[in-house]
file my_file.txt (compact mmCIF, C-alpha atoms)
# COMPACT_ATOMS: atom_id res chain seq x y z
CA MET A 19 0.00 0.00 0.00
CA ALA A 20 2.82 2.36 0.96
CA GLU A 21 4.66 1.43 -2.23
CA ASN A 22 1.61 2.27 -4.40
CA LYS A 23 1.30 5.61 -2.62
CA LYS A 24 4.98 6.31 -3.29
CA VAL A 25 4.62 5.45 -6.99
CA SER A 26 1.54 7.67 -7.19
CA SER A 27 3.46 10.57 -5.60
CA VAL A 28 6.38 10.15 -8.01
CA SER A 29 3.98 10.00 -10.97
CA PHE A 30 2.23 13.14 -9.72
CA PHE A 31 5.57 14.94 -9.33
CA HIS A 32 6.70 13.95 -12.83
CA SER A 33 3.42 15.04 -14.43
CA ARG A 34 3.56 18.42 -12.67
CA LEU A 35 7.24 18.89 -13.55
CA THR A 36 6.51 18.05 -17.19
CA SER A 37 3.64 20.53 -17.18
CA ILE A 38 5.80 23.30 -15.68
CA VAL A 39 8.66 22.70 -18.14
CA SER A 40 6.27 22.61 -21.12
CA ILE A 41 4.59 25.87 -20.11
CA ALA A 42 7.98 27.47 -19.32
CA LEU A 43 9.34 26.71 -22.80
CA VAL A 44 6.26 28.26 -24.42
CA LEU A 45 6.54 31.35 -22.18
CA PHE A 46 10.25 31.56 -22.99
CA LEU A 47 9.48 31.80 -26.71
CA LEU A 48 6.79 34.38 -25.98
CA GLY A 49 9.25 36.36 -23.86
CA LEU A 50 11.78 36.29 -26.70
CA ILE A 51 9.20 37.88 -29.01
CA PHE A 52 8.54 40.59 -26.40
CA LEU A 53 12.28 41.21 -26.11
CA MET A 54 12.69 41.38 -29.89
CA GLY A 55 9.87 43.92 -30.01
CA LEU A 56 11.51 46.10 -27.36
CA LEU A 57 14.93 45.74 -28.97
CA GLY A 58 13.47 46.65 -32.34
CA ASN A 59 11.92 49.78 -30.85
CA LYS A 60 15.16 50.73 -29.05
CA LEU A 61 17.18 50.06 -32.20
CA SER A 62 14.77 52.20 -34.21
CA VAL A 63 15.19 55.08 -31.75
CA TYR A 64 18.98 54.65 -31.76
CA VAL A 65 19.23 54.64 -35.57
CA LYS A 66 16.88 57.60 -36.03
CA GLU A 67 18.65 59.70 -33.40
CA ASN A 68 22.04 59.02 -34.99
CA ILE A 69 21.08 60.08 -38.51
CA SER A 70 22.28 63.66 -38.75
CA PHE A 71 21.70 66.39 -41.30
CA SER A 72 23.88 69.39 -42.09
CA ILE A 73 22.92 73.04 -41.87
CA VAL A 74 25.32 74.68 -44.34
CA LEU A 75 26.21 78.20 -43.22
CA LYS A 76 26.87 81.22 -45.41
CA ASP A 77 30.47 82.42 -45.75
CA ASN A 78 31.97 85.09 -43.51
CA GLN A 79 29.62 84.46 -40.60
CA LYS A 80 30.77 85.82 -37.25
CA GLU A 81 31.54 83.21 -34.61
CA ALA A 82 29.30 85.03 -32.10
CA ASP A 83 26.36 84.83 -34.53
CA ILE A 84 27.02 81.12 -35.13
CA LYS A 85 27.08 80.40 -31.38
CA THR A 86 23.84 82.35 -30.92
CA MET A 87 22.22 80.36 -33.70
CA GLN A 88 23.48 77.07 -32.27
CA LYS A 89 22.11 77.99 -28.84
CA SER A 90 18.75 78.82 -30.46
CA LEU A 91 18.73 75.47 -32.28
CA ASN A 92 19.46 73.54 -29.09
CA ALA A 93 16.42 75.15 -27.48
CA LEU A 94 14.08 73.75 -30.16
CA PRO A 95 11.99 70.78 -28.89
CA PHE A 96 12.77 68.51 -31.85
CA ILE A 97 16.58 68.87 -31.80
CA LYS A 98 18.57 66.45 -29.65
CA SER A 99 22.07 67.83 -30.24
CA THR A 100 24.12 70.08 -32.52
CA GLU A 101 27.81 70.22 -33.45
CA TYR A 102 29.54 73.12 -35.18
CA ILE A 103 32.04 72.15 -37.89
CA SER A 104 34.26 74.94 -39.16
CA LYS A 105 35.65 75.17 -42.70
CA GLU A 106 39.08 74.08 -41.46
CA GLN A 107 37.65 71.08 -39.58
CA ALA A 108 35.59 70.07 -42.63
CA ALA A 109 38.72 70.25 -44.82
CA LYS A 110 40.64 68.13 -42.32
CA GLU A 111 37.89 65.47 -42.25
CA LEU A 112 37.80 65.41 -46.07
CA GLU A 113 41.58 65.03 -46.14
CA GLU A 114 41.34 62.01 -43.82
CA GLU A 115 38.76 60.43 -46.15
CA LEU A 116 40.46 61.22 -49.48
CA GLY A 117 44.08 61.27 -48.31
CA GLU A 118 44.64 64.72 -49.83
CA ASN A 119 43.84 68.27 -48.76
CA PRO A 120 41.54 70.05 -51.29
CA GLU A 121 43.44 73.33 -50.73
CA THR A 122 46.58 71.73 -52.15
CA PHE A 123 45.29 71.51 -55.73
CA LEU A 124 42.55 74.17 -55.63
CA GLY A 125 44.48 76.87 -53.85
CA PHE A 126 41.55 77.62 -51.51
CA ASN A 127 39.16 75.82 -49.20
CA PRO A 128 35.92 75.13 -51.14
CA LEU A 129 34.04 73.80 -48.11
CA GLN A 130 31.61 75.77 -45.99
CA ALA A 131 31.12 75.77 -42.26
CA SER A 132 28.14 73.77 -41.06
CA ILE A 133 26.18 72.64 -38.02
CA GLU A 134 25.50 68.92 -37.72
CA VAL A 135 22.05 68.34 -36.20
CA LYS A 136 20.57 65.20 -34.67
CA LEU A 137 16.83 64.95 -34.04
CA TYR A 138 14.77 63.13 -31.46
CA SER A 139 13.41 59.89 -32.93
CA ASP A 140 9.78 61.08 -32.89
CA TYR A 141 10.67 63.81 -35.40
CA ALA A 142 12.99 61.75 -37.62
CA ASN A 143 10.44 61.09 -40.36
CA PRO A 144 9.83 62.69 -43.77
CA ASP A 145 6.68 64.60 -42.75
CA SER A 146 8.28 66.24 -39.70
CA LEU A 147 11.48 66.95 -41.63
CA GLN A 148 9.63 69.07 -44.19
CA LEU A 149 8.33 71.32 -41.41
CA ILE A 150 11.72 71.38 -39.68
CA GLU A 151 13.42 72.28 -42.96
CA LYS A 152 11.15 75.30 -43.45
CA LYS A 153 11.73 76.47 -39.87
CA ILE A 154 15.53 76.18 -40.06
CA LYS A 155 15.76 77.90 -43.44
CA ASN A 156 14.23 80.99 -41.84
CA TYR A 157 17.57 81.65 -40.14
CA THR A 158 19.50 84.30 -42.08
CA SER A 159 22.83 82.50 -41.62
CA VAL A 160 21.62 79.31 -43.36
CA SER A 161 22.78 78.70 -46.91
CA ASP A 162 21.36 75.22 -47.43
CA LEU A 163 20.08 72.15 -45.61
CA LEU A 164 21.51 68.74 -46.55
CA TYR A 165 20.12 65.38 -45.51
CA ARG A 166 19.33 61.98 -47.01
CA LYS A 167 15.57 61.95 -47.53
CA ASP A 168 15.75 58.47 -49.07
CA MET A 169 17.62 57.11 -46.03
CA MET A 170 15.08 58.60 -43.62
CA GLN A 171 12.24 57.06 -45.62
CA MET A 172 14.02 53.70 -45.86
CA VAL A 173 14.66 53.56 -42.09
CA ASN A 174 11.03 54.39 -41.29
CA ASP A 175 9.69 51.88 -43.84
CA ASN A 176 11.96 49.09 -42.58
CA MET A 177 11.13 49.75 -38.94
CA ARG A 178 7.41 49.77 -39.74
CA ARG A 179 7.79 46.49 -41.61
CA VAL A 180 9.76 44.87 -38.76
CA SER A 181 7.19 46.05 -36.20
CA LEU A 182 4.36 44.52 -38.25
CA ILE A 183 6.23 41.20 -38.56
CA LEU A 184 6.96 41.09 -34.82
CA LEU A 185 3.35 41.93 -33.97
CA THR A 186 2.12 39.14 -36.25
CA LEU A 187 4.60 36.70 -34.70
CA ALA A 188 3.50 37.72 -31.20
CA VAL A 189 -0.18 37.13 -32.01
CA VAL A 190 0.51 33.79 -33.70
CA LEU A 191 2.82 32.64 -30.91
CA MET A 192 0.31 33.71 -28.28
CA ALA A 193 -2.35 31.60 -29.98
CA ILE A 194 0.05 28.65 -30.22
CA SER A 195 1.03 29.19 -26.58
CA PHE A 196 -2.57 29.06 -25.47
CA VAL A 197 -3.21 25.86 -27.43
CA LEU A 198 -0.09 24.14 -26.06
CA ILE A 199 -0.73 25.24 -22.47
CA SER A 200 -4.39 24.28 -22.82
CA ASN A 201 -3.47 20.79 -24.06
CA THR A 202 -0.91 20.35 -21.27
CA ILE A 203 -3.42 21.34 -18.58
CA ARG A 204 -6.20 19.31 -20.19
CA LEU A 205 -4.05 16.19 -19.91
CA LEU A 206 -3.55 16.88 -16.20
CA ILE A 207 -7.27 17.39 -15.60
CA TYR A 208 -8.20 14.38 -17.74
CA SER A 209 -7.28 11.98 -14.92
CA LYS A 210 -9.63 13.89 -12.59
CA ARG A 211 -12.68 13.81 -14.87
CA PHE A 212 -14.56 11.24 -12.76
CA LEU A 213 -13.78 13.21 -9.60
CA ILE A 214 -15.28 16.30 -11.27
CA HIS A 215 -18.40 14.28 -12.15
CA THR A 216 -18.68 12.95 -8.57
CA MET A 217 -18.41 16.46 -7.13
CA LYS A 218 -21.11 17.58 -9.55
CA LEU A 219 -23.40 14.75 -8.42
CA VAL A 220 -23.12 15.71 -4.74
CA GLY A 221 -24.22 19.26 -5.54
CA ALA A 222 -20.93 21.16 -5.79
CA THR A 223 -21.22 24.36 -7.82
CA PRO A 224 -19.10 24.82 -10.97
CA ALA A 225 -17.13 27.61 -9.26
CA PHE A 226 -16.39 25.36 -6.27
CA ILE A 227 -15.22 22.53 -8.57
CA ARG A 228 -13.03 24.84 -10.66
CA ARG A 229 -11.35 26.56 -7.69
CA PRO A 230 -8.79 23.86 -6.68
CA PHE A 231 -7.84 23.20 -10.31
CA VAL A 232 -7.37 26.93 -10.98
CA ARG A 233 -5.30 27.33 -7.79
CA TYR A 234 -3.16 24.32 -8.68
CA ASN A 235 -2.44 25.52 -12.22
CA VAL A 236 -1.86 29.14 -11.16
CA VAL A 237 0.96 27.87 -8.95
CA SER A 238 2.29 25.83 -11.88
CA GLY A 239 2.01 28.90 -14.11
CA ILE A 240 4.01 30.99 -11.61
CA PHE A 241 6.77 28.36 -11.39
CA ALA A 242 6.79 28.07 -15.20
CA SER A 243 7.03 31.86 -15.52
CA ILE A 244 9.97 31.97 -13.10
CA LEU A 245 11.72 29.24 -15.09
CA ALA A 246 11.03 31.12 -18.35
CA ILE A 247 12.44 34.33 -16.82
CA LEU A 248 15.61 32.46 -15.78
CA LEU A 249 15.95 31.13 -19.35
CA LEU A 250 15.51 34.64 -20.76
CA THR A 251 18.12 36.00 -18.36
CA GLY A 252 20.52 33.26 -19.44
CA ALA A 253 19.87 34.05 -23.11
CA LEU A 254 20.55 37.77 -22.48
CA TYR A 255 23.75 36.95 -20.61
CA TYR A 256 24.92 34.79 -23.53
CA LEU A 257 24.11 37.50 -26.08
CA GLN A 258 25.92 40.11 -23.99
CA ASN A 259 29.07 37.93 -24.02
CA GLU A 260 28.79 37.34 -27.77
CA LEU A 261 27.73 40.89 -28.76
CA SER A 262 29.45 43.47 -26.60
CA GLY A 263 27.20 46.43 -25.79
CA PHE A 264 24.05 44.50 -26.70
CA ILE A 265 22.55 44.89 -23.22
CA GLN A 266 22.85 48.68 -23.46
CA LEU A 267 19.91 48.68 -25.86
CA LEU A 268 17.71 47.46 -23.00
CA ASP A 269 17.21 49.47 -19.84
CA LEU A 270 16.20 47.91 -16.53
CA ASN A 271 12.60 49.20 -16.73
CA ALA A 272 12.09 47.60 -20.19
CA LEU A 273 13.50 44.32 -18.92
CA LEU A 274 11.21 44.38 -15.88
CA VAL A 275 8.24 45.01 -18.18
CA VAL A 276 9.13 41.89 -20.20
CA TYR A 277 9.56 39.80 -17.05
CA ALA A 278 6.27 41.07 -15.63
CA GLY A 279 4.59 40.35 -18.98
CA VAL A 280 5.88 36.75 -18.94
CA LEU A 281 4.65 36.26 -15.36
CA ILE A 282 1.21 37.73 -16.11
CA MET A 283 0.87 35.73 -19.34
CA GLY A 284 1.84 32.54 -17.50
CA ILE A 285 -0.90 33.10 -14.90
CA LEU A 286 -3.60 34.30 -17.33
CA LEU A 287 -3.03 31.54 -19.89
CA SER A 288 -3.00 28.90 -17.13
CA VAL A 289 -6.26 30.22 -15.62
CA ALA A 290 -8.00 30.48 -19.00
CA ALA A 291 -6.86 27.00 -20.08
CA THR A 292 -7.89 25.49 -16.73
CA VAL A 293 -11.37 27.04 -16.80
CA LEU A 294 -11.97 25.82 -20.36
CA ALA A 295 -10.71 22.30 -19.57
CA VAL A 296 -12.80 21.94 -16.39
CA ASN A 297 -15.88 23.38 -18.10
CA LYS A 298 -15.53 20.74 -20.80
CA TYR A 299 -15.88 17.94 -18.24
CA LEU A 300 -18.59 19.80 -16.30
CA ARG A 301 -20.78 19.80 -19.42
CA MET A 302 -19.97 16.22 -20.33
CA GLY A 303 -22.35 13.39 -19.46
CA VAL A 304 -21.10 10.33 -17.53
CA ASP A 305 -21.40 8.05 -20.59
CA LYS A 306 -19.01 10.16 -22.60
CA LEU A 307 -16.41 10.20 -19.82
CA TYR A 308 -15.57 6.54 -20.61
CA TYR A 309 -14.99 7.16 -24.32
CA ILE A 310 -12.64 10.13 -24.37

call {"tool": "encode", "arguments": {"input": "my_file.txt", "output": "structure tokens"}}
result
Amino acid sequence: MAENKKVSSVSFFHSRLTSIVSIALVLFLLGLIFLMGLLGNKLSVYVKENISFSIVLKDNQKEADIKTMQKSLNALPFIKSTEYISKEQAAKELEEELGENPETFLGFNPLQASIEVKLYSDYANPDSLQLIEKKIKNYTSVSDLLYRKDMMQMVNDNMRRVSLILLTLAVVLMAISFVLISNTIRLLIYSKRFLIHTMKLVGATPAFIRRPFVRYNVVSGIFASILAILLLTGALYYLQNELSGFIQLLDLNALLVVYAGVLIMGILLSVAATVLAVNKYLRMGVDKLYYI
């Protein structure tokens, strides 16, 4: 008798462990999609805020006027940073790229002084840039405004496309996650189908019957979520070792949001799957219980 009880306990432990591991793997994949979404958003912000455009200044501008203009530009809400590049500095940079100073064969410096401007990511799109261009050209010191419109458009189009793909993957994976978790929990509840029927016969309400199953699987969902979070942390640690600076794209708050999302999804999916599985046996007649 004691041996049968021991075997039953071991079988129960194995079934619960299998359930937790199965749910954890599904939540791990779901967490990876969340992380990819956040990383894509951070990468989009990083790329947009590092695409600069040049405000070409007119010749013979006084340094005091240029500093005043630069200070005025820095005060604008859409500008993240500015950097003044003098004619001499521009010639030096061109010499480093070409290996020859343009003054050597031209006899004069053909380059103009400029201010390199970087925008906040919310304004780094073609529509906003048209308005920004008009505003900046109102400055009397501005000769021209140079930037890659095609690059801005390409970055925005690619980021929009990636976001759509990630959203689609998240929805599909969430549906797959629910099906897998539901099947895992249904297998656990399957062995209790006659107990559910007996409780129903003695007058137990559906809510009373569901409660212990929900509580049991919520605990399993929490353990599975913790395991999934540990797997995600391990994956991030590996990526940080392989790709130096990778972790800088994620701040602590974003990471906590992903971890909280995994925990909440683990609990919600477990509760929903448990309720559906128990309801299935609550509606089922005793004859059908022998043939499923």

call {"tool": "residues_around", "arguments": {"input": "my_file.txt", "residues": "Tyr208 (chain A)", "least_positions_apart": "5", "cutoff": "9 Å", "atoms": "only C-alpha atoms", "output": "list of chain:residue names"}}
result
A:Ile203, A:Ala295, A:Val296, A:Tyr299

call {"tool": "closest_residue", "arguments": {"input": "my_file.txt", "among": "A:Ser209, A:Thr216, A:Asn176, A:Ser195", "to": "Ala291 (chain A)", "atoms": "only C-alpha atoms"}}
result
A:Ser195

call {"tool": "closest_residue", "arguments": {"input": "my_file.txt", "among": "A:Leu50, A:Ala42, A:Ile133, A:Met170", "to": "Gln88 (chain A)", "atoms": "only C-alpha atoms"}}
result
A:Ile133

call {"tool": "closest_residue", "arguments": {"input": "my_file.txt", "among": "A:Gly49, A:Thr36, A:Val293, A:Leu185", "to": "Ala253 (chain A)", "atoms": "only C-alpha atoms"}}
result
A:Gly49

call {"tool": "atom_distance", "arguments": {"input": "my_file.txt", "atom1": "CA of Ser243 (chain A)", "atom2": "CA of Tyr277 (chain A)"}}
result
8.5 Å

call {"tool": "closest_atom_pairs", "arguments": {"input": "my_file.txt", "of": "region 179-274 of chain A", "to": "region 55-66 of chain A", "cutoff": "9 Å", "atoms": "all atoms listed in the file", "output": "tab-separated table"}}
result
residue	atom	partner	partner_atom	distance
A:Val180	CA	A:Gly58	CA	7.6
A:Ser181	CA	A:Gly55	CA	7.1
A:Leu184	CA	A:Gly55	CA	6.3
A:Leu185	CA	A:Gly55	CA	7.9
A:Ala188	CA	A:Gly55	CA	9.0
A:Leu267	CA	A:Lys60	CA	6.1
A:Leu268	CA	A:Leu57	CA	6.8
A:Ala272	CA	A:Leu56	CA	7.3
A:Leu273	CA	A:Leu56	CA	8.9

call {"tool": "atom_distance", "arguments": {"input": "my_file.txt", "atom1": "CA of Thr86 (chain A)", "atom2": "CA of Glu151 (chain A)"}}
result
18.8 Å

call {"tool": "axis_aligned_box", "arguments": {"input": "my_file.txt", "around": "region 237-252 of chain A", "padding_each_side": "3 Å", "output": "lines of an AutoDock Vina configuration file"}}
result
center_x = 10.7
center_y = 30.9
center_z = -14.9
size_x = 25.6
size_y = 16.2
size_z = 17.8

call {"tool": "atom_distance", "arguments": {"input": "my_file.txt", "atom1": "CA of Asn92 (chain A)", "atom2": "CA of Met169 (chain A)"}}
result
23.7 Å

call {"tool": "closest_residue", "arguments": {"input": "my_file.txt", "among": "A:Ile38, A:Leu270, A:Val160, A:Ala222", "to": "Ser238 (chain A)", "atoms": "only C-alpha atoms"}}
result
A:Ile38

call {"tool": "residues_around", "arguments": {"input": "my_file.txt", "residues": "Ile227 (chain A)", "least_positions_apart": "5", "cutoff": "8 Å", "atoms": "only C-alpha atoms", "output": "list in words"}}
result
Ile214, Met217, Lys218 and Ala222 of chain A

call {"tool": "residues_around", "arguments": {"input": "my_file.txt", "residues": "Ser161 (chain A)", "least_positions_apart": "4", "cutoff": "6 Å", "atoms": "all atoms listed in the file", "output": "list of chain:residue names"}}
result
A:Val74, A:Leu75, A:Lys76

call {"tool": "write_last_selection", "arguments": {"input": "my_file.txt", "atoms": "C-alpha atoms", "output": "PDB file, in the frame of the given file"}}
result
ATOM      1  CA  VAL A  74      25.320  74.680 -44.340  1.00  0.00           C
ATOM      2  CA  LEU A  75      26.210  78.200 -43.220  1.00  0.00           C
ATOM      3  CA  LYS A  76      26.870  81.220 -45.410  1.00  0.00           C
TER       4      LYS A  76
END

call {"tool": "residues_around", "arguments": {"input": "my_file.txt", "residues": "Val236 (chain A)", "least_positions_apart": "6", "cutoff": "7 Å", "atoms": "only C-alpha atoms", "output": "list in words"}}
result
Ile285, Ser288 and Val289 of chain A
